[in-house]
>>> print(open('upload_7.csv').read())   # CSV, C-alpha atoms
chain,number,residue,atom,x,y,z
A,80,MET,CA,-39.4,42.7,8.5
A,81,ASN,CA,-38.1,46.2,7.9
A,82,THR,CA,-34.4,46.7,7.2
A,83,GLY,CA,-33.4,48.2,10.5
A,84,LEU,CA,-35.1,45.5,12.5
A,85,ARG,CA,-33.7,42.8,10.2
A,86,ILE,CA,-30.1,43.9,10.7
A,87,THR,CA,-30.5,44.3,14.4
A,88,VAL,CA,-31.9,40.8,14.8
A,89,PHE,CA,-29.2,39.4,12.7
A,90,ALA,CA,-26.4,41.2,14.6
A,91,ALA,CA,-27.7,40.0,17.9
A,92,ALA,CA,-28.0,36.4,16.8
A,93,LEU,CA,-24.6,36.5,15.2
A,94,ALA,CA,-23.0,37.9,18.3
A,95,ALA,CA,-24.6,35.1,20.3
A,96,THR,CA,-23.3,32.5,17.9
A,97,PHE,CA,-19.8,33.8,17.9
A,98,GLY,CA,-19.8,34.0,21.7
A,99,ALA,CA,-20.9,30.3,21.9
A,100,ALA,CA,-18.2,29.4,19.4
A,101,TYR,CA,-15.5,31.1,21.3
A,102,GLY,CA,-16.6,29.3,24.5
A,103,VAL,CA,-16.6,25.9,23.0
A,104,GLY,CA,-13.3,26.5,21.2
A,105,GLY,CA,-11.6,27.4,24.4
A,106,ALA,CA,-12.9,24.3,26.1
A,107,VAL,CA,-11.7,21.8,23.6
A,108,GLY,CA,-8.1,23.0,23.6
A,109,PRO,CA,-5.4,23.3,20.9
A,110,ILE,CA,-4.8,21.3,17.8
A,111,SER,CA,-2.0,18.8,17.4
A,112,PRO,CA,0.0,17.8,14.3
A,113,GLU,CA,-0.6,15.0,11.9
A,114,PRO,CA,2.1,12.5,11.2
A,115,LYS,CA,4.3,13.3,8.1
A,116,SER,CA,3.2,10.2,6.2
A,117,GLY,CA,0.0,9.2,4.7
A,118,THR,CA,-1.6,12.6,4.7
A,119,HIS,CA,-1.0,15.4,2.1
A,120,SER,CA,0.3,13.1,-0.6
A,121,ASP,CA,3.3,14.2,-2.7
A,122,GLY,CA,3.5,10.9,-4.6
A,123,ALA,CA,5.0,8.8,-1.8
A,124,GLY,CA,2.3,9.4,0.9
A,125,HIS,CA,4.2,12.2,2.7
A,126,ALA,CA,2.6,15.2,4.2
A,127,SER,CA,3.4,18.6,2.7
A,128,ALA,CA,3.7,21.5,5.0
A,129,GLY,CA,0.7,23.8,5.2
A,130,HIS,CA,-2.2,21.4,5.2
A,131,GLU,CA,-1.9,18.7,7.9
A,132,GLU,CA,0.9,20.3,9.8
A,133,GLU,CA,0.0,24.0,9.2
A,134,ALA,CA,-3.7,23.4,9.7
A,135,ALA,CA,-2.9,21.6,12.9
A,136,GLY,CA,-0.9,24.7,14.0
A,137,ARG,CA,2.4,22.8,14.0
A,138,HIS,CA,1.5,21.7,17.5
A,139,GLU,CA,4.7,20.0,18.3
A,140,ALA,CA,7.0,20.5,21.4
A,141,LYS,CA,10.3,22.0,20.4
A,142,GLY,CA,13.0,21.3,22.9
A,143,GLY,CA,10.5,19.7,25.2
A,144,GLY,CA,7.4,21.6,26.1
A,145,HIS,CA,7.7,25.0,24.5
A,146,GLU,CA,4.4,26.8,23.7
A,147,ALA,CA,3.0,25.7,20.3
A,148,ALA,CA,1.7,27.9,17.5
A,149,PRO,CA,-2.1,28.4,17.2
A,150,PRO,CA,-4.2,26.0,15.0
A,151,GLY,CA,-4.6,26.7,11.4
A,152,GLY,CA,-7.4,28.9,10.2
A,153,LEU,CA,-8.0,30.6,13.6
A,154,GLU,CA,-5.7,33.6,12.7
A,155,ILE,CA,-6.3,36.3,10.1
A,156,SER,CA,-2.5,37.1,10.1
A,157,ARG,CA,0.5,34.9,10.4
A,158,ASN,CA,4.1,34.7,9.4
A,159,GLY,CA,4.0,38.2,7.7
A,160,TYR,CA,0.8,37.6,5.7
A,161,THR,CA,-2.8,38.8,6.2
A,162,LEU,CA,-6.0,37.6,4.7
A,163,ASP,CA,-7.7,40.8,3.5
A,164,LEU,CA,-11.4,39.9,3.1
A,165,LYS,CA,-12.8,42.7,0.9
A,166,THR,CA,-16.3,41.4,1.1
A,167,PRO,CA,-17.0,40.8,4.8
A,168,ARG,CA,-20.8,40.9,4.4
A,169,ILE,CA,-23.1,39.6,1.8
A,170,GLU,CA,-26.9,39.1,1.4
A,171,ALA,CA,-28.1,35.5,2.0
A,172,GLY,CA,-29.7,33.9,-1.0
A,173,GLU,CA,-28.1,36.3,-3.5
A,174,LYS,CA,-25.2,35.5,-5.8
A,175,THR,CA,-22.3,37.7,-4.8
A,176,ASP,CA,-18.6,38.0,-5.9
A,177,LEU,CA,-16.5,37.2,-2.8
A,178,ARG,CA,-13.3,39.2,-3.1
A,179,PHE,CA,-10.1,39.0,-1.0
A,180,ALA,CA,-6.3,39.3,-1.2
A,181,ILE,CA,-3.3,37.9,0.6
A,182,VAL,CA,-1.3,41.0,1.8
A,183,GLN,CA,2.3,41.2,2.9
A,184,ASP,CA,2.5,42.8,6.4
A,185,GLY,CA,4.6,45.9,6.5
A,186,THR,CA,4.5,46.7,2.8
A,187,GLY,CA,0.8,46.2,2.2
A,188,ARG,CA,1.5,44.6,-1.2
A,189,LYS,CA,-0.8,41.9,-2.5
A,190,VAL,CA,0.8,38.5,-3.1
A,191,THR,CA,0.9,37.5,-6.7
A,192,ALA,CA,3.4,34.7,-6.7
A,193,TYR,CA,2.3,31.3,-5.2
A,194,GLN,CA,3.6,27.8,-5.2
A,195,ARG,CA,1.0,25.6,-6.7
A,196,GLU,CA,-0.3,22.7,-4.6
A,197,HIS,CA,-2.7,20.0,-5.8
A,198,GLY,CA,-3.2,21.8,-9.1
A,199,LYS,CA,-4.2,25.2,-7.6
A,200,ASP,CA,-2.4,28.3,-6.3
A,201,LEU,CA,-5.0,28.7,-3.5
A,202,HIS,CA,-7.8,26.6,-2.1
A,203,LEU,CA,-10.7,28.5,-0.5
A,204,ILE,CA,-12.9,26.7,2.1
A,205,LEU,CA,-16.1,28.4,3.3
A,206,ALA,CA,-18.2,26.9,6.1
A,207,SER,CA,-21.1,28.1,8.3
A,208,ARG,CA,-20.5,28.4,12.0
A,209,ASP,CA,-23.0,25.6,12.6
A,210,LEU,CA,-21.1,23.5,10.1
A,211,THR,CA,-24.2,22.7,8.0
A,212,VAL,CA,-23.0,24.6,4.9
A,213,TYR,CA,-19.7,23.9,3.2
A,214,ARG,CA,-18.0,25.1,0.1
A,215,HIS,CA,-14.6,24.1,-1.4
A,216,LEU,CA,-13.9,26.9,-4.0
A,217,HIS,CA,-11.1,27.7,-6.4
A,218,PRO,CA,-11.2,31.5,-7.0
A,219,ALA,CA,-9.6,33.4,-9.9
A,220,ARG,CA,-6.8,35.8,-9.3
A,221,ALA,CA,-6.6,39.2,-11.1
A,222,ALA,CA,-3.2,40.6,-12.2
A,223,ASP,CA,-3.1,42.9,-9.1
A,224,GLY,CA,-3.4,39.9,-6.7
A,225,THR,CA,-7.1,40.2,-5.9
A,226,TRP,CA,-8.9,36.9,-5.8
A,227,SER,CA,-12.7,36.6,-6.5
A,228,THR,CA,-15.3,33.8,-6.7
A,229,PRO,CA,-19.1,33.8,-7.0
A,230,VAL,CA,-20.9,32.5,-3.9
A,231,ASN,CA,-24.6,32.1,-3.0
A,232,LEU,CA,-25.1,31.3,0.7
A,233,PRO,CA,-28.5,29.7,1.5
A,234,GLU,CA,-28.9,31.0,5.0
A,235,ALA,CA,-28.1,34.1,7.0
A,236,GLY,CA,-25.6,33.9,9.8
A,237,GLY,CA,-22.0,33.6,10.6
A,238,TYR,CA,-19.5,31.9,8.2
A,239,ARG,CA,-15.7,31.3,8.3
A,240,VAL,CA,-13.5,31.7,5.2
A,241,PHE,CA,-10.2,29.7,5.1
A,242,ALA,CA,-7.5,30.6,2.5
A,243,ASP,CA,-5.1,27.6,2.1
A,244,PHE,CA,-2.0,28.6,0.2
A,245,LYS,CA,1.8,28.7,0.0
A,246,PRO,CA,3.5,31.9,-1.1
A,247,LYS,CA,6.4,31.5,-3.4
A,248,GLY,CA,9.5,31.0,-1.3
A,249,GLY,CA,7.5,30.9,2.0
A,250,GLU,CA,5.8,28.4,4.2
A,251,ALA,CA,2.3,27.0,3.6
A,252,LEU,CA,-0.4,28.8,5.6
A,253,THR,CA,-4.1,28.6,6.4
A,254,LEU,CA,-5.5,32.0,7.3
A,255,GLY,CA,-9.2,32.6,8.3
A,256,ALA,CA,-11.6,35.4,8.4
A,257,ASP,CA,-15.3,35.9,9.4
A,258,LEU,CA,-18.0,36.4,6.8
A,259,ALA,CA,-21.5,37.6,7.6
A,260,ALA,CA,-24.6,36.7,5.5
A,261,SER,CA,-27.4,39.1,6.3
A,262,GLY,CA,-31.1,38.3,6.4
A,263,PRO,CA,-33.5,36.6,8.8
A,264,TYR,CA,-31.4,34.4,11.0
A,265,GLU,CA,-32.0,31.3,13.1
A,266,PRO,CA,-29.0,29.4,14.3
A,267,GLY,CA,-28.9,25.7,13.3
A,268,GLU,CA,-27.7,22.7,15.3
A,269,LEU,CA,-24.7,20.6,14.4
A,270,PRO,CA,-26.0,17.7,12.3
A,271,GLU,CA,-26.3,14.4,14.2
A,272,HIS,CA,-23.6,11.8,14.3
A,273,ASN,CA,-23.6,9.8,11.1
A,274,THR,CA,-21.3,7.2,9.4
A,275,THR,CA,-23.3,7.1,6.1
A,276,ALA,CA,-23.9,10.1,3.8
A,277,LYS,CA,-25.9,10.2,0.6
A,278,VAL,CA,-25.5,12.7,-2.2
A,279,ASP,CA,-26.7,12.6,-5.9
A,280,GLY,CA,-27.5,8.9,-5.7
A,281,TYR,CA,-24.1,8.0,-4.2
A,282,GLU,CA,-23.7,6.4,-0.7
A,283,VAL,CA,-20.5,6.9,1.2
A,284,LYS,CA,-19.7,4.9,4.3
A,285,LEU,CA,-17.2,5.9,6.9
A,286,ARG,CA,-15.3,3.5,9.2
A,287,GLY,CA,-12.4,4.0,11.5
A,288,ALA,CA,-11.8,6.0,14.7
A,289,LEU,CA,-10.9,9.6,15.7
A,290,THR,CA,-8.7,9.5,18.8
A,291,PRO,CA,-7.4,12.7,20.3
A,292,GLY,CA,-3.6,13.0,20.0
A,293,LYS,CA,-3.2,9.7,18.2
A,294,ALA,CA,-3.0,9.0,14.5
A,295,GLY,CA,-5.7,6.7,13.1
A,296,GLU,CA,-7.0,5.6,9.8
A,297,LEU,CA,-10.4,6.6,8.3
A,298,THR,CA,-11.6,4.7,5.3
A,299,LEU,CA,-14.5,6.0,3.1
A,300,THR,CA,-16.2,3.6,0.7
A,301,VAL,CA,-18.1,5.0,-2.3
A,302,ALA,CA,-21.0,3.2,-3.9
A,303,LYS,CA,-23.7,4.2,-6.5
A,304,ASP,CA,-27.0,2.4,-6.9
A,305,GLY,CA,-25.8,-0.3,-4.4
A,306,GLU,CA,-22.6,-1.0,-6.4
A,307,PRO,CA,-19.1,-0.2,-5.4
A,308,VAL,CA,-17.5,2.6,-7.5
A,309,ARG,CA,-14.2,1.3,-8.8
A,310,ASN,CA,-13.4,4.1,-11.2
A,311,LEU,CA,-13.2,7.2,-9.2
A,312,GLN,CA,-11.5,10.0,-11.1
A,313,PRO,CA,-8.5,12.1,-9.9
A,314,TYR,CA,-9.5,15.4,-8.4
A,315,LEU,CA,-6.7,17.9,-7.8
A,316,GLY,CA,-4.2,15.0,-8.0
A,317,ALA,CA,-6.1,12.6,-5.6
A,318,TYR,CA,-9.1,10.2,-5.5
A,319,GLY,CA,-10.4,12.2,-2.5
A,320,HIS,CA,-9.8,15.2,-0.3
A,321,LEU,CA,-10.9,15.5,3.3
A,322,VAL,CA,-11.5,18.6,5.3
A,323,ALA,CA,-12.2,18.4,9.0
A,324,LEU,CA,-13.6,21.3,11.0
A,325,ARG,CA,-13.8,21.2,14.8
A,326,SER,CA,-17.2,22.3,16.1
A,327,GLY,CA,-17.0,25.4,18.2
A,328,ASP,CA,-14.0,27.3,16.9
A,329,LEU,CA,-13.8,25.8,13.4
A,330,ALA,CA,-10.1,24.8,13.8
A,331,TYR,CA,-9.2,23.6,10.3
A,332,LEU,CA,-7.6,20.3,9.2
A,333,HIS,CA,-7.0,19.5,5.6
A,334,VAL,CA,-5.8,15.9,4.9
A,335,HIS,CA,-5.1,13.9,1.8
A,336,PRO,CA,-5.4,10.2,1.1
A,337,ASN,CA,-2.8,7.5,1.6
A,338,GLY,CA,-1.4,7.1,-1.9
A,339,GLU,CA,-2.2,8.9,-5.1
A,340,PRO,CA,-3.2,8.0,-8.7
A,341,GLY,CA,-0.4,6.5,-10.8
A,342,ASP,CA,1.7,5.4,-7.8
A,343,GLY,CA,1.3,1.7,-8.7
A,344,ARG,CA,-0.5,0.7,-5.6
A,345,THR,CA,-3.5,3.0,-5.1
A,346,LYS,CA,-6.8,1.8,-6.6
A,347,PRO,CA,-9.4,4.2,-8.0
A,348,GLY,CA,-12.0,3.1,-5.4
A,349,PRO,CA,-14.2,2.1,-3.9
A,350,GLU,CA,-12.1,2.9,-0.8
A,351,VAL,CA,-10.2,6.0,-0.1
A,352,SER,CA,-8.2,6.0,3.2
A,353,PHE,CA,-6.7,8.8,5.3
A,354,THR,CA,-4.4,9.0,8.3
A,355,VAL,CA,-5.8,11.5,10.7
A,356,THR,CA,-5.0,12.8,14.2
A,357,ALA,CA,-7.9,14.4,16.1
A,358,PRO,CA,-6.4,17.5,17.8
A,359,SER,CA,-8.7,17.2,20.8
A,360,ALA,CA,-11.8,15.5,22.1
A,361,GLY,CA,-15.1,16.8,20.7
A,362,ALA,CA,-17.3,16.9,17.7
A,363,TYR,CA,-16.0,17.3,14.1
A,364,ARG,CA,-17.6,17.8,10.8
A,365,LEU,CA,-15.9,15.9,8.0
A,366,PHE,CA,-16.3,16.8,4.3
A,367,LEU,CA,-15.1,14.3,1.6
A,368,ASP,CA,-14.7,15.7,-2.0
A,369,PHE,CA,-14.6,13.0,-4.6
A,370,GLN,CA,-15.0,13.0,-8.4
A,371,HIS,CA,-17.0,10.5,-10.6
A,372,GLU,CA,-18.4,10.8,-14.1
A,373,GLY,CA,-16.9,14.2,-14.5
A,374,LYS,CA,-18.5,15.8,-11.4
A,375,VAL,CA,-17.2,16.6,-8.0
A,376,ARG,CA,-19.5,15.8,-5.1
A,377,THR,CA,-19.2,16.2,-1.3
A,378,ALA,CA,-20.2,13.7,1.4
A,379,ALA,CA,-20.5,15.2,4.9
A,380,PHE,CA,-20.2,13.4,8.3
A,381,THR,CA,-20.4,14.3,11.9
A,382,VAL,CA,-18.1,12.3,14.2
A,383,HIS,CA,-16.8,12.6,17.8
A,384,ALA,CA,-13.2,12.2,18.7
A,385,GLY,CA,-12.6,9.7,21.5
A,386,GLY,CA,-14.9,7.0,20.2
A,387,ALA,CA,-14.8,4.5,17.4
A,388,VAL,CA,-16.7,5.1,14.2
A,389,ASP,CA,-18.5,1.8,13.9
A,390,GLU,CA,-19.5,0.9,10.3
A,391,SER,CA,-22.4,-1.1,11.7
A,392,GLU,CA,-24.0,1.9,13.4
A,393,GLN,CA,-27.3,3.0,12.0
A,394,PRO,CA,-26.8,6.3,10.2
A,395,SER,CA,-28.9,9.3,11.1
A,396,PRO,CA,-31.2,10.5,8.3
A,397,THR,CA,-29.4,12.5,5.7
A,398,LYS,CA,-29.6,16.2,6.4
A,399,PRO,CA,-30.5,18.7,3.7
A,400,ALA,CA,-27.2,20.4,4.5
A,401,GLU,CA,-25.4,17.3,3.3
A,402,GLU,CA,-27.1,17.5,0.0
A,403,GLU,CA,-26.3,21.2,-0.1
A,404,ALA,CA,-22.6,20.4,0.5
A,405,GLY,CA,-22.6,18.0,-2.4
A,406,HIS,CA,-23.3,20.8,-4.8
A,407,ALA,CA,-20.7,23.2,-3.5
A,408,HIS,CA,-18.2,23.1,-6.3
>>> encode(input="upload_7.csv", output="structure tokens")
Amino acid sequence: MNTGLRITVFAAALAATFGAAYGVGGAVGPISPEPKSGTHSDGAGHASAGHEEEAAGRHEAKGGGHEAAPPGGLEISRNGYTLDLKTPRIEAGEKTDLRFAIVQDGTGRKVTAYQREHGKDLHLILASRDLTVYRHLHPARAADGTWSTPVNLPEAGGYRVFADFKPKGGEALTLGADLAASGPYEPGELPEHNTTAKVDGYEVKLRGALTPGKAGELTLTVAKDGEPVRNLQPYLGAYGHLVALRSGDLAYLHVHPNGEPGDGRTKPGPEVSFTVTAPSAGAYRLFLDFQHEGKVRTAAFTVHAGGAVDESEQPSPTKPAEEEAGHAH
């Protein structure tokens, strides 16, 4: 395919994808907050601002019924800060340095002072619009405040980049920007509902329920070669990290487990539990990061809010995208 035709086909397909995403996102409604306990662990199971609450857009009625802030990750600018994505387009299948900065509105200065959370100044999440590709990245920051990280995206299409951070002296934020990967493009479908995911010889089972507007517990059990894994290793201060993305608008929710290593009550597996509130009815893609034998792996699930996630359900065949997600670090 010549270059001109290739770009034209990609642009048309990308526009169709973004149009569909906007329509679905508008239909499923706004996001709501997580409870302040049992989420982003600070040592006592309390939620820290900027992940569960910020990612959920702090959707809480103030004074009874006032308009809530937008969900996390749907805005490129918020609270005086902007995500400046300096690499908005890359070539699919080619290793590229993704560069960006967090800029203060008004002054245009790049932010260089951050408050570290879970071992990092900034967490970068990258996901395809069809939620079949997922990356949890930790970029490096130059002295001038520019962040960079190498990426190699397997398929052309639309992607969303989420910067999850807390500027020093400010509130935690999740900002989002669109990223385009050029090349021959064919939109994929959301992977089928599954409660079992396999990656690198590990099997992770999910049980619990996602209920719109109501906190519930999700428990993930990790096994290898049919045996429970009882010696999970801490990764960024926890035995597991869970990111949920709402299908359609990719509203972002970052939650952390109930308890943490060294608190005297949390075991290193095989179970890792999370308290989660689904912001609305609809389909969600869940990505669990866990570390064992010195390597971080990612297990991916598709669930639907409003119905129980039954452990006895027969899982759908593991998608190639789930294996892809497991090598995202």
>>> atom_distance(input="upload_7.csv", atom1="atom CA of A:Gly348", atom2="atom CA of A:Phe369")
10.3 Å
>>> residues_near_point(input="upload_7.csv", point="(-8.1, 28.0, 0.9)", cutoff="7 Å", atoms="all atoms listed in the file", output="number ranges by chain")
A: 201-204, 241-244, 253
>>> write_last_selection(input="upload_7.csv", atoms="C-alpha atoms", output="PDB file, in the coordinates of the input")
ATOM      1  CA  LEU A 201      -5.000  28.700  -3.500  1.00  0.00           C
ATOM      2  CA  HIS A 202      -7.800  26.600  -2.100  1.00  0.00           C
ATOM      3  CA  LEU A 203     -10.700  28.500  -0.500  1.00  0.00           C
ATOM      4  CA  ILE A 204     -12.900  26.700   2.100  1.00  0.00           C
ATOM      5  CA  PHE A 241     -10.200  29.700   5.100  1.00  0.00           C
ATOM      6  CA  ALA A 242      -7.500  30.600   2.500  1.00  0.00           C
ATOM      7  CA  ASP A 243      -5.100  27.600   2.100  1.00  0.00           C
ATOM      8  CA  PHE A 244      -2.000  28.600   0.200  1.00  0.00           C
ATOM      9  CA  THR A 253      -4.100  28.600   6.400  1.00  0.00           C
TER      10      THR A 253
END
>>> atom_distance(input="upload_7.csv", atom1="atom CA of A:Ala323", atom2="atom CA of A:Leu177")
22.6 Å
>>> atom_distance(input="upload_7.csv", atom1="atom CA of A:Val355", atom2="atom CA of A:Gly373")
27.7 Å
>>> closest_residue(input="upload_7.csv", among="A:Val182, A:Leu254, A:Val230, A:Leu324", to="A:Leu210", atoms="all atoms listed in the file")
A:Leu324
>>> residues_around(input="upload_7.csv", residues="A:Leu164", least_positions_apart="5", cutoff="12 Å", atoms="all atoms listed in the file", output="MDAnalysis selection string")
chainID A and resid 155:156 169 176:182 203 225:227 239:242 254:259
>>> residues_around(input="upload_7.csv", residues="A:Thr300", least_positions_apart="6", cutoff="7 Å", atoms="all atoms listed in the file", output="list of chain:residue names")
A:Val283, A:Lys284, A:Leu285, A:Pro349, A:Glu350, A:Val351
>>> closest_residue(input="upload_7.csv", among="A:Tyr238, A:Phe353, A:Phe366, A:Tyr160", to="A:Thr186", atoms="only C-alpha atoms")
A:Tyr160
>>> closest_residue(input="upload_7.csv", among="A:Gly151, A:Gly295, A:Pro229, A:Pro347", to="A:His371", atoms="only C-alpha atoms")
A:Pro347
>>> closest_residue(input="upload_7.csv", among="A:Asp368, A:Glu234, A:Asp304, A:Glu154", to="A:Leu216", atoms="all atoms listed in the file")
A:Asp368
>>> closest_residue(input="upload_7.csv", among="A:Val278, A:Pro307, A:Ala192, A:Asp200", to="A:Pro218", atoms="all atoms listed in the file")
A:Asp200
>>> closest_atom_pairs(input="upload_7.csv", of="stretch 249-323 of chain A", to="stretch 329-338 of chain A", cutoff="8 Å", atoms="all atoms listed in the file", output="Markdown table")
| residue | atom | partner | partner_atom | distance |
| --- | --- | --- | --- | --- |
| A:Ala317 | CA | A:Pro336 | CA | 7.2 |
| A:Tyr318 | CA | A:Pro336 | CA | 7.6 |
| A:Gly319 | CA | A:Pro336 | CA | 6.5 |
| A:His320 | CA | A:His335 | CA | 5.3 |
| A:Leu321 | CA | A:Val334 | CA | 5.4 |
| A:Val322 | CA | A:His333 | CA | 4.6 |
| A:Ala323 | CA | A:Leu332 | CA | 5.0 |
>>> closest_residue(input="upload_7.csv", among="A:Leu367, A:Glu282, A:Pro167, A:Val375", to="A:Ser261", atoms="all atoms listed in the file")
A:Pro167
>>> residues_near_point(input="upload_7.csv", point="(-6.4, 12.3, 12.7)", cutoff="7 Å", atoms="all atoms listed in the file", output="MDAnalysis selection string")
chainID A and resid 113 289 293:295 354:357
>>> residues_around(input="upload_7.csv", residues="A:Gln370", least_positions_apart="4", cutoff="9 Å", atoms="all atoms listed in the file", output="PyMOL selection string")
chain A and resi 311-314+318-319+374-377
>>> residues_around(input="upload_7.csv", residues="A:Thr381", least_positions_apart="2", cutoff="7 Å", atoms="all atoms listed in the file", output="ChimeraX atom specification")
/A:270-273,363-365
